[in-house]
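Listing of structure_37.txt, compact mmCIF, C-alpha atoms and all ligand atoms
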```txt
# COMPACT_ATOMS: atom_id res chain seq x y z
CA MET A 1 17.05 35.76 222.35
CA TYR A 2 16.30 32.86 220.00
CA LYS A 3 17.72 29.34 220.16
CA SER A 4 19.25 27.36 217.34
CA LYS A 5 19.22 23.65 216.57
CA ILE A 6 20.69 21.29 214.02
CA ALA A 7 17.73 20.69 211.71
CA GLY A 8 19.53 18.58 209.11
CA ILE A 9 22.91 16.94 208.72
CA GLY A 10 24.76 15.37 205.78
CA LYS A 11 28.14 14.01 204.85
CA TYR A 12 30.03 13.20 201.67
CA VAL A 13 33.16 11.11 201.36
CA PRO A 14 34.83 10.34 198.03
CA SER A 15 34.61 6.76 196.80
CA GLN A 16 38.36 6.20 196.42
CA VAL A 17 39.63 4.24 199.43
CA VAL A 18 43.37 4.54 200.15
CA THR A 19 44.70 1.96 202.60
CA ASN A 20 47.89 2.10 204.65
CA LYS A 21 49.25 -0.59 202.31
CA ASP A 22 48.65 1.76 199.37
CA LEU A 23 50.78 4.41 201.09
CA GLU A 24 53.57 1.88 201.65
CA LYS A 25 54.06 1.94 197.87
CA LEU A 26 54.73 5.69 197.95
CA MET A 27 56.89 6.18 201.05
CA ASP A 28 58.78 4.39 203.78
CA THR A 29 55.89 3.67 206.14
CA ASN A 30 53.90 0.63 207.20
CA ASP A 31 50.42 -0.36 208.21
CA GLU A 32 51.52 -1.38 211.70
CA TRP A 33 53.16 2.00 212.47
CA ILE A 34 50.16 3.97 211.22
CA GLN A 35 47.55 1.88 213.05
CA GLU A 36 49.53 1.73 216.28
CA ARG A 37 50.27 5.47 216.44
CA THR A 38 47.04 6.86 214.97
CA GLY A 39 44.36 4.14 214.71
CA ILE A 40 43.94 4.90 211.00
CA LYS A 41 43.36 1.94 208.65
CA GLU A 42 42.31 3.79 205.52
CA ARG A 43 41.19 7.18 204.26
CA ARG A 44 39.37 8.55 201.21
CA TYR A 45 40.94 10.66 198.47
CA ALA A 46 38.91 12.89 196.19
CA HIS A 47 38.97 12.45 192.44
CA ARG A 48 41.82 14.71 191.30
CA THR A 49 39.81 16.71 188.77
CA GLN A 50 36.16 15.88 189.39
CA GLU A 51 35.91 16.66 193.10
CA THR A 52 37.01 19.78 195.00
CA THR A 53 36.63 21.00 198.56
CA ALA A 54 33.64 23.08 197.45
CA THR A 55 31.93 20.34 195.40
CA MET A 56 32.22 17.86 198.28
CA GLY A 57 30.78 20.52 200.58
CA VAL A 58 27.91 20.98 198.13
CA GLU A 59 27.12 17.24 198.17
CA ALA A 60 27.04 17.16 201.98
CA ALA A 61 24.98 20.36 202.02
CA LYS A 62 22.33 18.94 199.65
CA ILE A 63 21.70 16.09 202.08
CA ALA A 64 21.61 18.38 205.12
CA ILE A 65 19.18 20.75 203.40
CA GLU A 66 16.89 17.91 202.32
CA ARG A 67 16.91 16.39 205.81
CA ALA A 68 16.02 19.80 207.27
CA GLY A 69 12.93 19.74 205.05
CA ILE A 70 13.80 22.99 203.31
CA THR A 71 15.31 24.03 199.98
CA ALA A 72 18.56 25.81 199.12
CA GLN A 73 16.46 28.93 198.54
CA ASP A 74 15.52 28.96 202.23
CA ILE A 75 19.13 29.30 203.38
CA ASP A 76 19.92 32.79 204.73
CA PHE A 77 23.68 32.53 205.21
CA ILE A 78 26.61 30.19 204.50
CA VAL A 79 29.56 29.52 206.81
CA PHE A 80 32.26 27.37 205.19
CA ALA A 81 35.23 26.02 207.16
CA THR A 82 38.28 24.61 205.37
CA LEU A 83 42.08 24.77 205.23
CA SER A 84 42.18 23.44 201.68
CA PRO A 85 40.06 25.92 199.70
CA ASP A 86 39.50 25.61 195.94
CA TYR A 87 41.08 29.04 195.46
CA TYR A 88 43.38 31.07 197.71
CA PHE A 89 40.61 33.59 197.21
CA PRO A 90 37.64 33.86 196.90
CA GLY A 91 36.53 31.44 199.57
CA CYS A 92 34.50 28.28 199.08
CA GLY A 93 31.28 29.80 200.46
CA VAL A 94 30.56 31.70 197.25
CA LEU A 95 31.17 28.55 195.18
CA VAL A 96 28.48 26.81 197.24
CA GLN A 97 26.15 29.77 196.78
CA ARG A 98 26.68 29.48 193.01
CA ALA A 99 26.45 25.70 192.78
CA LEU A 100 23.22 25.50 194.77
CA GLU A 101 21.73 28.51 192.93
CA MET A 102 20.98 30.20 196.21
CA LYS A 103 19.74 33.72 196.77
CA GLU A 104 22.43 36.43 196.99
CA ILE A 105 23.01 35.66 200.65
CA GLY A 106 26.15 36.24 202.68
CA ALA A 107 28.92 33.64 202.53
CA LEU A 108 31.61 33.56 205.19
CA ASP A 109 34.76 31.44 205.11
CA ILE A 110 36.37 30.26 208.34
CA ARG A 111 40.10 29.50 208.55
CA ASN A 112 40.47 27.68 211.82
CA GLN A 113 41.70 24.38 210.46
CA CYS A 114 40.80 21.40 212.66
CA SER A 115 38.77 23.68 214.94
CA GLY A 116 36.97 25.16 211.93
CA PHE A 117 33.65 23.40 212.20
CA VAL A 118 32.96 24.30 215.83
CA TYR A 119 34.09 27.88 215.19
CA ALA A 120 31.72 27.97 212.20
CA LEU A 121 28.88 26.48 214.24
CA SER A 122 29.45 29.08 216.94
CA VAL A 123 29.32 31.96 214.44
CA ALA A 124 26.11 30.59 212.94
CA ASP A 125 24.61 30.12 216.41
CA GLN A 126 25.17 33.79 217.26
CA PHE A 127 23.44 34.94 214.05
CA ILE A 128 20.42 32.80 214.87
CA LYS A 129 20.35 33.78 218.55
CA THR A 130 20.11 37.46 217.65
CA GLY A 131 17.27 36.77 215.23
CA MET A 132 19.20 37.92 212.16
CA TYR A 133 18.90 34.62 210.28
CA GLN A 134 16.65 31.54 210.47
CA ASN A 135 18.50 28.92 208.39
CA ILE A 136 22.27 28.83 208.12
CA LEU A 137 24.26 26.29 206.14
CA VAL A 138 27.43 25.32 208.02
CA ILE A 139 29.99 23.26 206.07
CA GLY A 140 33.33 21.69 206.87
CA SER A 141 35.18 20.23 203.89
CA GLU A 142 38.73 19.27 202.92
CA LYS A 143 40.64 18.00 199.90
CA HIS A 144 43.92 17.28 201.66
CA SER A 145 45.12 14.78 199.08
CA PHE A 146 45.96 17.63 196.70
CA GLY A 147 48.48 19.23 199.04
CA LEU A 148 50.46 16.56 200.86
CA ASP A 149 54.06 15.43 200.49
CA PHE A 150 53.77 11.76 199.49
CA THR A 151 57.49 11.09 199.83
CA THR A 152 59.12 9.69 202.99
CA ARG A 153 60.02 13.27 203.93
CA GLY A 154 56.34 14.08 204.53
CA ARG A 155 55.21 10.76 206.02
CA ASN A 156 54.49 12.03 209.54
CA VAL A 157 51.81 14.31 208.07
CA SER A 158 50.59 12.66 204.89
CA VAL A 159 49.52 9.31 206.40
CA ILE A 160 47.15 11.08 208.79
CA PHE A 161 44.95 13.16 206.54
CA GLY A 162 41.94 12.28 204.37
CA ASP A 163 39.30 14.01 202.25
CA GLY A 164 35.59 14.53 202.85
CA ALA A 165 32.85 16.94 203.84
CA GLY A 166 30.10 17.37 206.39
CA ALA A 167 27.32 19.93 206.63
CA VAL A 168 24.50 20.98 208.90
CA VAL A 169 21.54 23.30 208.60
CA LEU A 170 21.43 25.35 211.77
CA GLN A 171 17.91 26.60 212.27
CA ARG A 172 15.94 28.71 214.70
CA SER A 173 14.55 26.20 217.21
CA ASN A 174 10.84 26.27 217.88
CA ASN A 175 10.78 23.42 220.37
CA ASN A 176 12.12 22.93 223.88
CA ILE A 177 14.04 19.77 223.05
CA SER A 178 16.72 20.57 220.50
CA GLU A 179 19.15 23.45 220.88
CA ILE A 180 22.78 24.51 220.86
CA LEU A 181 23.35 25.15 224.58
CA SER A 182 26.70 26.89 224.31
CA THR A 183 29.95 27.11 222.37
CA HIS A 184 33.41 27.83 223.81
CA LEU A 185 36.26 29.07 221.61
CA HIS A 186 39.95 29.43 222.49
CA SER A 187 43.32 30.16 220.91
CA ASN A 188 46.97 30.60 221.83
CA GLY A 189 49.20 31.87 219.04
CA ASN A 190 52.44 30.97 220.80
CA ASP A 191 52.31 27.66 218.93
CA ALA A 192 51.28 29.11 215.57
CA GLU A 193 54.26 27.57 213.77
CA THR A 194 53.99 24.13 215.43
CA LEU A 195 51.32 22.94 212.99
CA ALA A 196 51.27 25.13 209.93
CA MET A 197 51.60 25.53 206.21
CA TYR A 198 53.91 28.52 205.88
CA ASN A 199 53.72 28.95 202.13
CA PRO A 200 52.23 30.49 200.12
CA GLY A 201 52.11 33.44 202.47
CA THR A 202 53.24 36.99 203.02
CA HIS A 203 55.34 36.34 206.15
CA ALA A 204 58.76 36.84 204.45
CA ASN A 205 60.29 35.03 207.45
CA TYR A 206 59.16 37.83 209.76
CA TRP A 207 57.91 35.58 212.56
CA LYS A 208 60.39 32.72 212.56
CA LYS A 209 63.80 33.77 211.36
CA ASP A 210 65.37 30.93 213.34
CA LEU A 211 63.55 28.07 211.64
CA ALA A 212 65.98 25.86 209.75
CA ASP A 213 63.70 25.89 206.73
CA PHE A 214 63.84 29.65 206.52
CA ASN A 215 67.01 31.32 205.35
CA GLU A 216 67.84 34.14 203.03
CA ALA A 217 68.33 31.74 200.14
CA THR A 218 64.71 30.61 200.24
CA LEU A 219 63.31 34.02 201.07
CA GLY A 220 61.81 35.36 197.90
CA ASP A 221 60.18 38.71 197.45
CA MET A 222 57.10 36.91 196.26
CA PHE A 223 54.22 35.10 197.78
CA MET A 224 55.50 31.82 196.36
CA SER A 225 58.91 31.22 194.81
CA HIS A 226 60.53 28.44 192.78
CA THR A 227 62.96 27.87 195.64
CA MET A 228 60.13 27.25 198.06
CA ILE A 229 58.72 24.58 195.77
CA ASP A 230 62.17 23.07 195.07
CA ASN A 231 62.70 22.80 198.85
CA ALA A 232 59.21 21.34 199.42
CA GLN A 233 58.26 24.28 201.64
CA ASN A 234 54.77 24.37 200.22
CA PHE A 235 53.66 21.41 202.34
CA PRO A 236 52.21 21.37 205.86
CA PHE A 237 54.62 21.20 208.79
CA MET A 238 53.69 19.42 212.02
CA ASP A 239 55.52 18.76 215.25
CA GLY A 240 53.34 15.74 216.03
CA PRO A 241 54.39 15.07 219.64
CA ALA A 242 53.92 18.77 220.56
CA VAL A 243 50.42 18.75 219.05
CA PHE A 244 49.59 15.51 220.85
CA LYS A 245 50.66 16.87 224.27
CA LYS A 246 48.58 20.05 223.97
CA ALA A 247 45.50 18.35 222.47
CA VAL A 248 45.12 15.88 225.35
CA VAL A 249 45.07 18.76 227.84
CA LYS A 250 43.02 21.37 226.00
CA MET A 251 40.17 19.19 224.76
CA PRO A 252 39.21 17.76 228.17
CA GLU A 253 39.57 21.30 229.58
CA VAL A 254 37.18 22.86 227.07
CA ILE A 255 34.71 19.97 227.45
CA MET A 256 34.62 20.62 231.21
CA GLU A 257 34.13 24.33 230.53
CA ALA A 258 31.04 23.55 228.41
CA LEU A 259 29.62 21.12 230.98
CA GLN A 260 30.13 23.53 233.88
CA ALA A 261 28.58 26.41 231.94
CA ASN A 262 25.40 24.35 231.65
CA ASN A 263 25.46 22.62 235.06
CA TYR A 264 26.20 19.16 233.69
CA THR A 265 28.81 16.59 234.61
CA THR A 266 30.72 14.20 232.36
CA GLN A 267 28.26 11.45 233.24
CA ASP A 268 25.44 13.46 231.63
CA ILE A 269 27.09 13.24 228.19
CA ASP A 270 25.18 10.90 225.86
CA MET A 271 27.61 11.27 222.99
CA LEU A 272 31.06 12.82 222.64
CA ILE A 273 32.16 13.64 219.12
CA SER A 274 35.78 14.67 219.17
CA HIS A 275 37.83 15.96 216.29
CA GLN A 276 39.19 12.81 214.66
CA ALA A 277 42.87 13.77 214.93
CA ASN A 278 44.30 10.58 216.33
CA LEU A 279 42.54 7.61 217.97
CA ARG A 280 45.10 7.69 220.80
CA ILE A 281 44.24 11.32 221.59
CA ILE A 282 40.51 10.52 221.71
CA GLN A 283 41.09 7.43 223.86
CA PHE A 284 43.11 9.58 226.24
CA ILE A 285 40.24 12.08 226.49
CA GLN A 286 37.72 9.26 226.99
CA HIS A 287 39.86 7.83 229.79
CA THR A 288 40.35 11.25 231.42
CA LEU A 289 36.61 11.90 231.44
CA LYS A 290 35.76 8.27 232.38
CA LEU A 291 33.30 7.84 229.51
CA ASN A 292 32.00 4.43 228.46
CA ASP A 293 32.66 3.25 224.90
CA ASP A 294 29.03 3.80 223.87
CA LYS A 295 29.34 7.50 224.74
CA VAL A 296 32.13 8.18 222.25
CA TYR A 297 31.89 7.81 218.47
CA ASN A 298 35.01 7.47 216.32
CA ASN A 299 35.51 6.89 212.62
CA ILE A 300 39.11 8.01 212.12
CA GLN A 301 39.87 4.34 211.37
CA GLN A 302 38.00 4.68 208.05
CA TYR A 303 38.52 8.33 207.11
CA GLY A 304 41.72 9.57 208.76
CA ASN A 305 41.84 13.18 209.91
CA THR A 306 39.55 15.24 207.68
CA THR A 307 40.23 18.46 209.62
CA ALA A 308 37.22 20.82 209.38
CA ALA A 309 35.07 17.96 208.09
CA SER A 310 35.88 15.46 210.82
CA VAL A 311 33.30 16.51 213.42
CA PRO A 312 30.32 16.86 211.04
CA ILE A 313 31.19 13.57 209.29
CA ALA A 314 31.41 11.72 212.63
CA LEU A 315 28.30 13.44 213.99
CA CYS A 316 26.35 12.56 210.85
CA GLU A 317 27.49 8.95 210.87
CA ALA A 318 26.72 8.51 214.58
CA TRP A 319 23.23 9.92 214.00
CA GLU A 320 22.67 7.76 210.88
CA LYS A 321 23.59 4.66 212.92
CA GLY A 322 20.99 5.57 215.54
CA LYS A 323 23.58 6.35 218.21
CA ILE A 324 22.18 9.85 218.77
CA LYS A 325 18.51 10.39 219.54
CA GLU A 326 16.32 13.44 220.02
CA GLY A 327 17.08 15.19 223.30
CA ASP A 328 20.48 13.52 223.78
CA LEU A 329 23.24 15.66 225.28
CA VAL A 330 25.94 15.80 222.61
CA CYS A 331 29.34 17.33 223.16
CA LEU A 332 31.62 18.36 220.28
CA THR A 333 35.27 19.18 220.83
CA VAL A 334 38.09 20.19 218.52
CA PHE A 335 41.76 21.10 218.58
CA GLY A 336 44.09 22.23 215.85
CA SER A 337 46.55 24.58 214.24
CA GLY A 338 46.95 27.94 215.90
CA PHE A 339 46.65 26.43 218.40
CA THR A 340 42.90 26.78 218.54
CA TRP A 341 40.47 24.60 220.43
CA ALA A 342 36.76 24.68 221.14
CA SER A 343 33.68 22.83 222.31
CA ALA A 344 29.96 22.91 221.72
CA LEU A 345 27.29 21.40 223.93
CA LEU A 346 23.94 20.69 222.36
CA LYS A 347 20.65 18.93 222.91
CA TRP A 348 20.02 16.90 219.76
N1 LIG A 401 55.67 5.79 209.11
C1 LIG A 401 56.72 5.24 209.75
N2 LIG A 401 57.51 5.95 210.59
C2 LIG A 401 57.20 7.23 210.80
C3 LIG A 401 56.12 7.84 210.16
C4 LIG A 401 55.34 7.08 209.28
N3 LIG A 401 54.27 7.58 208.63
N4 LIG A 401 56.07 9.13 210.56
C5 LIG A 401 57.08 9.32 211.40
N5 LIG A 401 57.77 8.18 211.56
C6 LIG A 401 58.94 7.93 212.40
C7 LIG A 401 59.72 9.18 212.74
O1 LIG A 401 60.61 9.51 211.71
C8 LIG A 401 60.41 8.76 214.00
O2 LIG A 401 61.54 7.99 213.65
P1 LIG A 401 62.91 8.09 214.49
O3 LIG A 401 62.55 7.63 215.88
O4 LIG A 401 63.82 7.16 213.77
O5 LIG A 401 63.31 9.53 214.43
C9 LIG A 401 59.43 7.83 214.68
O6 LIG A 401 58.48 7.43 213.66
C10 LIG A 401 58.67 8.48 215.83
O7 LIG A 401 58.20 9.76 215.43
P2 LIG A 401 57.31 10.65 216.37
O8 LIG A 401 56.90 11.85 215.62
O9 LIG A 401 57.99 10.83 217.69
O10 LIG A 401 56.08 9.65 216.58
P3 LIG A 401 54.82 9.78 217.48
O11 LIG A 401 54.70 8.61 218.31
O12 LIG A 401 54.73 11.12 218.14
O13 LIG A 401 53.65 9.72 216.39
C11 LIG A 401 52.14 11.19 215.29
C12 LIG A 401 53.57 10.68 215.38
C13 LIG A 401 52.12 12.27 214.21
C14 LIG A 401 51.25 10.05 214.90
C15 LIG A 401 51.71 11.75 216.66
O14 LIG A 401 52.69 12.61 217.18
C16 LIG A 401 50.42 12.48 216.58
O15 LIG A 401 49.41 11.93 216.22
N6 LIG A 401 50.41 13.74 216.98
C17 LIG A 401 49.23 14.55 216.90
C18 LIG A 401 49.02 14.89 215.48
C19 LIG A 401 47.68 15.49 215.23
O16 LIG A 401 46.75 15.18 215.91
N7 LIG A 401 47.63 16.33 214.22
C20 LIG A 401 46.44 16.94 213.83
C21 LIG A 401 46.10 17.95 214.82
S1 LIG A 401 44.67 18.66 214.54
```

Structure re-expressed in structure tokens:
Amino acid sequence: MYKSKIAGIGKYVPSQVVTNKDLEKLMDTNDEWIQERTGIKERRYAHRTQETTATMGVEAAKIAIERAGITAQDIDFIVFATLSPDYYFPGCGVLVQRALEMKEIGALDIRNQCSGFVYALSVADQFIKTGMYQNILVIGSEKHSFGLDFTTRGRNVSVIFGDGAGAVVLQRSNNNISEILSTHLHSNGNDAETLAMYNPGTHANYWKKDLADFNEATLGDMFMSHTMIDNAQNFPFMDGPAVFKKAVVKMPEVIMEALQANNYTTQDIDMLISHQANLRIIQFIQHTLKLNDDKVYNNIQQYGNTTAASVPIALCEAWEKGKIKEGDLVCLTVFGSGFTWASALLKW
């Protein structure tokens, strides 16, 4: 069995900064509410026509590939995680393959929302462990700004999310220092509708006939209907408090699972990179695990929640700032729609 390591990492965030004050002009919200409940001060929004989920992923990937000391031609496989793909189909992976003029390699898209990057990393890790591939490009990227409700109706969701991308080159490890030690993936579909974008979809109200939003009048016989758009049912739905309550239980749980699997304790962690969902959630986890401030890196204040991109962007930034060094024990943890949650423990 081979081992894999992160050989290169990159991030890309659009240049347009959107502050909480900017959002006040669009909806009934305020800087104080957003900062107090989420920790977010500002986020980035992609250029409407010049940047897409795939192009941002490409920019992050170029940096990761260069830092790995290889070329795009050396990549054997692409795993792309996003909930905001350029097209409903095909996935973003093939757009990266095209943009970087790669060989005709496999391209897999992962739809695990905020847990997407760790799921993607885990898939890539298995391919390297078995010896099938040597260099895998793993990307998490989101262009949320294209699909949010910027009226007061959507304020509980729209103030939270931001755009950006992160990427790593996962590579067969030839040293005894750097490796992915283990990954741990979980799901529980009982809460599938608690954080979801129902439309467009093929559900035809099959799963949730009792939801107020779903009644015969809005039920079309099509994937997407005019009524759905008129009723703003094409935007994400989130029961924020329900998500909060589950996230603060499941993330510490899956971190402990990773530590125990490798005979470590919380005090062995050099750096915890949590999904940047909400600063309060991360502070709760930090408190539960009794981790010092220098063992946790957060940047949700600047970028908001970038879903599949949040972990690789934070990991990249922490590394660029010299907060992660070779051999450090790094723990990644995520939680999101599904619900799904996961962790990865690695030696940097
Ligand atoms: N600005 C101002 N007021 C807002 C608002 C906004 N952007 N969004 C919601 N509110 C209002 C609500 O309408 C509600 O008003 P009411 O009391 O008059 O009904 C009030 O604020 C409280 O809403 P509630 O949803 O109970 O707030 P909260 O303290 O739970 O915070 C979240 C909301 C979304 C910040 C919080 O629940 C959260 O972060 N949950 C986890 C979300 C998450 O992590 N999602 C991504 C998962 S991967």

statement: Counting only C-alpha atoms and all ligand atoms, the residue among A:Val296, A:Val138, A:Leu259, A:Val157 that lies closest to ligand LIG 401 (chain A) is A:Val157

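Considering the residues A:Ile177, A:Val18, A:Val334, A:Ile285 and counting only C-alpha atoms and all ligand atoms, ligand LIG 401 (chain A) has its shortest atom-to-atom contact with A:Val334.
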
Within 7 Å of ligand LIG 401 (chain A), which residues of chain A come that close, and what is the closest atom pair and distance in Å for each? Count all atoms listed in the file and give it as a Markdown table.
```
| residue | atom | partner | partner_atom | distance |
| --- | --- | --- | --- | --- |
| A:Asp28 | CA | A:LIG401 | N1 | 6.3 |
| A:Thr29 | CA | A:LIG401 | N1 | 3.7 |
| A:Asn30 | CA | A:LIG401 | N1 | 5.8 |
| A:Trp33 | CA | A:LIG401 | C1 | 5.5 |
| A:Ile34 | CA | A:LIG401 | N3 | 6.1 |
| A:Arg37 | CA | A:LIG401 | C14 | 4.9 |
| A:Thr38 | CA | A:LIG401 | C14 | 5.3 |
| A:Cys114 | CA | A:LIG401 | S1 | 5.1 |
| A:Arg155 | CA | A:LIG401 | N3 | 4.2 |
| A:Asn156 | CA | A:LIG401 | N4 | 3.5 |
| A:Val157 | CA | A:LIG401 | C13 | 6.5 |
| A:Val159 | CA | A:LIG401 | N3 | 5.5 |
| A:Gly240 | CA | A:LIG401 | O14 | 3.4 |
| A:Pro241 | CA | A:LIG401 | O14 | 3.9 |
| A:Val243 | CA | A:LIG401 | C17 | 4.9 |
| A:Phe244 | CA | A:LIG401 | C17 | 4.1 |
| A:Ala277 | CA | A:LIG401 | O16 | 4.2 |
| A:Asn278 | CA | A:LIG401 | O16 | 5.2 |
| A:Thr307 | CA | A:LIG401 | S1 | 6.6 |
| A:Phe335 | CA | A:LIG401 | S1 | 5.5 |
| A:Gly336 | CA | A:LIG401 | S1 | 3.8 |
| A:Ser337 | CA | A:LIG401 | S1 | 6.2 |
```

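Excluding A:Cys92 itself and same-chain residues fewer than 5 positions from it, the residues having an atom within 8 Å of it are A:Thr53, A:Ala54, A:Phe80, A:Pro85, A:Asp86, A:Tyr87, A:Asp109, counting all atoms listed in the file.
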
message: I'd like the interatomic distance between atom CA of A:Asn190 and atom CA of A:Asp125, to a tenth of an Å.
response: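 Going from atom CA of A:Asn190 over to atom CA of A:Asp125, I get 28.2 Å.
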
Nearest to A:Met256 by atom-to-atom distance, counting only C-alpha atoms, from A:Ser343, A:Thr52, A:Asn231, A:Thr82: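 Using only C-alpha atoms, A:Met256 sits closest to A:Ser343.
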
query: What does the distance from atom CA of A:Ile255 to atom CA of A:Ile78 come to in Å, to one decimal?
result: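 Going from atom CA of A:Ile255 over to atom CA of A:Ile78, I get 26.4 Å.
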
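Using all atoms listed in the file for every distance, the candidate list A:Ser15, A:Gln301, A:Thr71, A:Thr306 yields A:Thr71 as the residue closest to A:Asn135.
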
query: Which polymer residues, protein or nucleic acid, are no farther than 6 Å from (53.6, 21.7, 217.8), counting all atoms listed in the file, as number ranges by chain?
result: A: 194-195, 239, 242-243

statement: A:Asn305 proximity check over A:Asn292, A:Ser158, A:Thr151, A:Ser173, using all atoms listed in the file: winner is A:Ser158

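Shortest atom-to-atom contact with A:Asn188 among A:Pro200, A:Ala314, A:Lys250, A:Thr266: A:Lys250, counting all atoms listed in the file.
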
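Atom CA of A:Leu279 sits 23.3 Å away from atom CA of A:Met197.
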
message: So that I can see what lies close to A:Met228, please list as a ChimeraX atom specification the residues with an atom at most 8 Å from it, counting all atoms listed in the file and leaving out residues fewer than 4 positions away in the same chain.
response: /A:199,218,224,232-234

- request: Just the residues within 12 Å of A:Ala120, please, counting all atoms listed in the file, with nothing from its chain fewer than 5 positions along; format it as a PyMOL selection string.
  value: chain A and resi 77-82+93+107-115+125-127+136-141+167-170+183-185+308-309+311-312+334+342-344

task: Write out as a PyMOL selection string which residues come within 10 Å of stretch 42-44 of chain A when counting only C-alpha atoms, dropping same-chain ones fewer than 6 positions away.
output: chain A and resi 13-23+31+34-35+143-145+159-164+300-306
